[in-house]
Amino acid sequence: MSSATDPWGRVDEDGTVYVKTSDGERVVGSWQAGAPEEALAYFKRKYDALVTQIGLLEQRLRTTDLQPAQAQQSISRLREEVTEAHA
């Protein structure tokens, strides 16, 4: 497998996928199913899905009468997903 890089991450020769963070690089997965560029696109789509989930929750908080306990539960779940994201 060849390697690939872009401004947000890279795939090394053995298929390990890294995302670039303010603290350096973090492994988000591995990719053996195709070109490294496809791996970067796949993990970017996963990131975009998280951004969408966050946007939807923000909209719900602003436009509905979501109960505080339910809001906190949703915020906590998303916070954990973002922290541990394989994206």
# chains A, B, ... in the order shown; residues from 1 in each chain; ligands from 1
>>> select_by_dssp(residues="chain A", states="alpha helix (DSSP H)", output="ChimeraX atom specification")
/A:36-63,68-83
>>> select_by_dssp(residues="chain A", states="strand (DSSP E)", output="list in words")
Ala4, Thr5, Asp6, Gly9, Arg10, Val11, Thr16, Val17, Tyr18, Val19, Lys20, Thr21, Gly24, Glu25, Arg26, Val27, Val28, Gly29 and Ser30 of chain A
>>> residues_around(residues="region 45-48 of chain A", least_positions_apart="4", cutoff="8 Å", atoms="only C-alpha atoms", output="ChimeraX atom specification")
/A:41,52,85-87
>>> write_last_selection(atoms="N, CA and C atoms", output="PDB file, in the first residue's frame")
ATOM      1  N   ALA A  41     -10.841  10.003   2.699  1.00  0.00           N
ATOM      2  CA  ALA A  41     -12.207  10.433   2.395  1.00  0.00           C
ATOM      3  C   ALA A  41     -13.209   9.761   3.336  1.00  0.00           C
ATOM      4  N   THR A  52     -22.498  17.171  11.762  1.00  0.00           N
ATOM      5  CA  THR A  52     -23.944  17.229  11.538  1.00  0.00           C
ATOM      6  C   THR A  52     -24.710  16.929  12.817  1.00  0.00           C
ATOM      7  N   ALA A  85     -13.517   9.937  18.854  1.00  0.00           N
ATOM      8  CA  ALA A  85     -13.880   9.791  17.440  1.00  0.00           C
ATOM      9  C   ALA A  85     -12.803   9.099  16.622  1.00  0.00           C
ATOM     10  N   HIS A  86     -13.244   8.186  15.804  1.00  0.00           N
ATOM     11  CA  HIS A  86     -12.382   7.565  14.792  1.00  0.00           C
ATOM     12  C   HIS A  86     -12.693   8.276  13.485  1.00  0.00           C
ATOM     13  N   ALA A  87     -12.372   9.541  13.492  1.00  0.00           N
ATOM     14  CA  ALA A  87     -12.704  10.402  12.350  1.00  0.00           C
ATOM     15  C   ALA A  87     -11.622  11.454  12.183  1.00  0.00           C
TER      16      ALA A  87
END
>>> residues_around(residues="Trp8 (chain A)", least_positions_apart="4", cutoff="10 Å", atoms="only C-alpha atoms", output="number ranges by chain")
A: 18-21, 25, 40, 44
>>> write_last_selection(atoms="N, CA and C atoms", output="PDB file, in the first residue's frame")
ATOM      1  N   TYR A  18      -4.011   8.372  10.395  1.00  0.00           N
ATOM      2  CA  TYR A  18      -3.766   9.356  11.442  1.00  0.00           C
ATOM      3  C   TYR A  18      -4.541  10.633  11.143  1.00  0.00           C
ATOM      4  N   VAL A  19      -4.990  11.293  12.198  1.00  0.00           N
ATOM      5  CA  VAL A  19      -5.561  12.628  12.076  1.00  0.00           C
ATOM      6  C   VAL A  19      -4.595  13.578  12.760  1.00  0.00           C
ATOM      7  N   LYS A  20      -4.456  14.769  12.206  1.00  0.00           N
ATOM      8  CA  LYS A  20      -3.585  15.779  12.806  1.00  0.00           C
ATOM      9  C   LYS A  20      -4.405  16.582  13.812  1.00  0.00           C
ATOM     10  N   THR A  21      -3.868  16.756  15.010  1.00  0.00           N
ATOM     11  CA  THR A  21      -4.530  17.528  16.055  1.00  0.00           C
ATOM     12  C   THR A  21      -3.574  18.606  16.547  1.00  0.00           C
ATOM     13  N   GLU A  25      -0.267  13.962  16.130  1.00  0.00           N
ATOM     14  CA  GLU A  25      -1.094  13.014  15.385  1.00  0.00           C
ATOM     15  C   GLU A  25      -1.756  12.018  16.337  1.00  0.00           C
ATOM     16  N   LEU A  40      -8.717   8.432   3.611  1.00  0.00           N
ATOM     17  CA  LEU A  40      -8.859   9.792   4.101  1.00  0.00           C
ATOM     18  C   LEU A  40     -10.266  10.315   3.857  1.00  0.00           C
ATOM     19  N   LYS A  44     -12.980  11.345   6.746  1.00  0.00           N
ATOM     20  CA  LYS A  44     -13.528  12.699   6.672  1.00  0.00           C
ATOM     21  C   LYS A  44     -15.051  12.641   6.708  1.00  0.00           C
TER      22      LYS A  44
END
>>> closest_residue(among="A:Val51, A:Ile75, A:Val82, A:Ala69", to="Val28 (chain A)", atoms="only C-alpha atoms")
A:Val82
>>> residues_around(residues="Gly29 (chain A)", least_positions_apart="2", cutoff="7 Å", atoms="only C-alpha atoms", output="PDB file with all heavy atoms, in the first residue's frame")
ATOM      1  N   THR A  16      -2.156   2.451   8.412  1.00  0.00           N
ATOM      2  CA  THR A  16      -2.610   3.146   9.615  1.00  0.00           C
ATOM      3  C   THR A  16      -3.020   4.564   9.243  1.00  0.00           C
ATOM      4  O   THR A  16      -2.288   5.267   8.549  1.00  0.00           O
ATOM      5  CB  THR A  16      -1.508   3.175  10.686  1.00  0.00           C
ATOM      6  OG1 THR A  16      -1.132   1.823  10.986  1.00  0.00           O
ATOM      7  CG2 THR A  16      -1.986   3.854  11.959  1.00  0.00           C
ATOM      8  N   VAL A  17      -4.201   4.968   9.722  1.00  0.00           N
ATOM      9  CA  VAL A  17      -4.739   6.289   9.407  1.00  0.00           C
ATOM     10  C   VAL A  17      -4.581   7.193  10.622  1.00  0.00           C
ATOM     11  O   VAL A  17      -4.950   6.823  11.732  1.00  0.00           O
ATOM     12  CB  VAL A  17      -6.230   6.197   9.008  1.00  0.00           C
ATOM     13  CG1 VAL A  17      -6.773   7.576   8.638  1.00  0.00           C
ATOM     14  CG2 VAL A  17      -6.420   5.211   7.858  1.00  0.00           C
ATOM     15  N   VAL A  27      -3.975   8.193  16.006  1.00  0.00           N
ATOM     16  CA  VAL A  27      -4.450   7.095  15.161  1.00  0.00           C
ATOM     17  C   VAL A  27      -5.969   7.025  15.252  1.00  0.00           C
ATOM     18  O   VAL A  27      -6.534   7.048  16.346  1.00  0.00           O
ATOM     19  CB  VAL A  27      -3.829   5.745  15.597  1.00  0.00           C
ATOM     20  CG1 VAL A  27      -4.448   4.585  14.815  1.00  0.00           C
ATOM     21  CG2 VAL A  27      -2.324   5.763  15.419  1.00  0.00           C
ATOM     22  N   TRP A  31      -6.700   1.038   7.211  1.00  0.00           N
ATOM     23  CA  TRP A  31      -7.370   0.943   5.915  1.00  0.00           C
ATOM     24  C   TRP A  31      -6.602  -0.017   5.043  1.00  0.00           C
ATOM     25  O   TRP A  31      -5.416   0.178   4.789  1.00  0.00           O
ATOM     26  CB  TRP A  31      -7.410   2.325   5.272  1.00  0.00           C
ATOM     27  CG  TRP A  31      -8.206   2.388   4.019  1.00  0.00           C
ATOM     28  CD1 TRP A  31      -7.733   2.324   2.744  1.00  0.00           C
ATOM     29  CD2 TRP A  31      -9.614   2.535   3.911  1.00  0.00           C
ATOM     30  NE1 TRP A  31      -8.758   2.424   1.848  1.00  0.00           N
ATOM     31  CE2 TRP A  31      -9.929   2.556   2.545  1.00  0.00           C
ATOM     32  CE3 TRP A  31     -10.643   2.645   4.843  1.00  0.00           C
ATOM     33  CZ2 TRP A  31     -11.237   2.692   2.091  1.00  0.00           C
ATOM     34  CZ3 TRP A  31     -11.934   2.786   4.381  1.00  0.00           C
ATOM     35  CH2 TRP A  31     -12.221   2.804   3.026  1.00  0.00           C
ATOM     36  N   HIS A  86     -13.244   8.186  15.804  1.00  0.00           N
ATOM     37  CA  HIS A  86     -12.382   7.565  14.792  1.00  0.00           C
ATOM     38  C   HIS A  86     -12.693   8.276  13.485  1.00  0.00           C
ATOM     39  O   HIS A  86     -13.231   7.681  12.553  1.00  0.00           O
ATOM     40  CB  HIS A  86     -12.626   6.058  14.724  1.00  0.00           C
ATOM     41  CG  HIS A  86     -12.236   5.360  15.967  1.00  0.00           C
ATOM     42  ND1 HIS A  86     -10.924   5.089  16.269  1.00  0.00           N
ATOM     43  CD2 HIS A  86     -12.955   4.923  17.018  1.00  0.00           C
ATOM     44  CE1 HIS A  86     -10.863   4.491  17.441  1.00  0.00           C
ATOM     45  NE2 HIS A  86     -12.083   4.382  17.921  1.00  0.00           N
TER      46      HIS A  86
END
>>> closest_residue(among="A:Pro68, A:Gly9, A:Gln59, A:Asp23", to="Phe43 (chain A)", atoms="only C-alpha atoms")
A:Gly9
>>> residues_around(residues="Ala33 (chain A)", least_positions_apart="5", cutoff="12 Å", atoms="only C-alpha atoms", output="PDB file with N, CA, C and O atoms, in the first residue's frame")
ATOM      1  N   MET A   1       0.846  -1.172   0.000  1.00  0.00           N
ATOM      2  CA  MET A   1       0.000   0.000   0.000  1.00  0.00           C
ATOM      3  C   MET A   1       0.890   1.233   0.000  1.00  0.00           C
ATOM      4  O   MET A   1       1.850   1.321   0.737  1.00  0.00           O
ATOM      5  N   ASP A  14       1.657   1.068   6.007  1.00  0.00           N
ATOM      6  CA  ASP A  14       0.980  -0.160   6.459  1.00  0.00           C
ATOM      7  C   ASP A  14      -0.533   0.020   6.590  1.00  0.00           C
ATOM      8  O   ASP A  14      -1.237  -0.884   7.017  1.00  0.00           O
ATOM      9  N   GLY A  15      -1.068   1.200   6.208  1.00  0.00           N
ATOM     10  CA  GLY A  15      -2.503   1.432   6.220  1.00  0.00           C
ATOM     11  C   GLY A  15      -3.038   2.088   7.481  1.00  0.00           C
ATOM     12  O   GLY A  15      -4.240   2.277   7.610  1.00  0.00           O
ATOM     13  N   THR A  16      -2.156   2.451   8.412  1.00  0.00           N
ATOM     14  CA  THR A  16      -2.610   3.146   9.615  1.00  0.00           C
ATOM     15  C   THR A  16      -3.020   4.564   9.243  1.00  0.00           C
ATOM     16  O   THR A  16      -2.288   5.267   8.549  1.00  0.00           O
ATOM     17  N   GLU A  38      -8.847   7.039  -0.486  1.00  0.00           N
ATOM     18  CA  GLU A  38     -10.188   6.586  -0.108  1.00  0.00           C
ATOM     19  C   GLU A  38     -10.320   6.507   1.407  1.00  0.00           C
ATOM     20  O   GLU A  38     -11.375   6.808   1.968  1.00  0.00           O
ATOM     21  N   ALA A  39      -9.245   6.124   2.083  1.00  0.00           N
ATOM     22  CA  ALA A  39      -9.257   6.069   3.547  1.00  0.00           C
ATOM     23  C   ALA A  39      -9.455   7.462   4.116  1.00  0.00           C
ATOM     24  O   ALA A  39     -10.274   7.665   5.017  1.00  0.00           O
ATOM     25  N   TYR A  42     -13.013   8.477   3.632  1.00  0.00           N
ATOM     26  CA  TYR A  42     -13.900   7.743   4.539  1.00  0.00           C
ATOM     27  C   TYR A  42     -13.904   8.361   5.936  1.00  0.00           C
ATOM     28  O   TYR A  42     -14.954   8.629   6.511  1.00  0.00           O
TER      29      TYR A  42
END
>>> closest_residue(among="A:Ala35, A:Val11, A:Ala49, A:Leu57", to="Gln73 (chain A)", atoms="only C-alpha atoms")
A:Leu57
>>> residues_around(residues="Ile54 (chain A)", least_positions_apart="4", cutoff="8 Å", atoms="only C-alpha atoms", output="number ranges by chain")
A: 50, 58, 78
>>> write_last_selection(atoms="N, CA, C and O atoms", output="CSV table (one decimal), in the first residue's frame")
chain,number,residue,atom,x,y,z
A,50,LEU,N,-20.2,13.6,12.5
A,50,LEU,CA,-20.2,14.2,13.8
A,50,LEU,C,-20.6,15.7,13.8
A,50,LEU,O,-21.3,16.1,14.7
A,58,GLU,N,-27.5,21.3,18.5
A,58,GLU,CA,-27.6,22.8,18.8
A,58,GLU,C,-28.9,23.3,18.4
A,58,GLU,O,-29.5,24.1,19.1
A,78,LEU,N,-22.5,13.1,22.9
A,78,LEU,CA,-21.7,13.7,21.8
A,78,LEU,C,-20.3,14.0,22.2
A,78,LEU,O,-19.4,13.9,21.5
>>> atom_distance(atom1="CA of Asp6 (chain A)", atom2="CA of Ser30 (chain A)")
16.1 Å
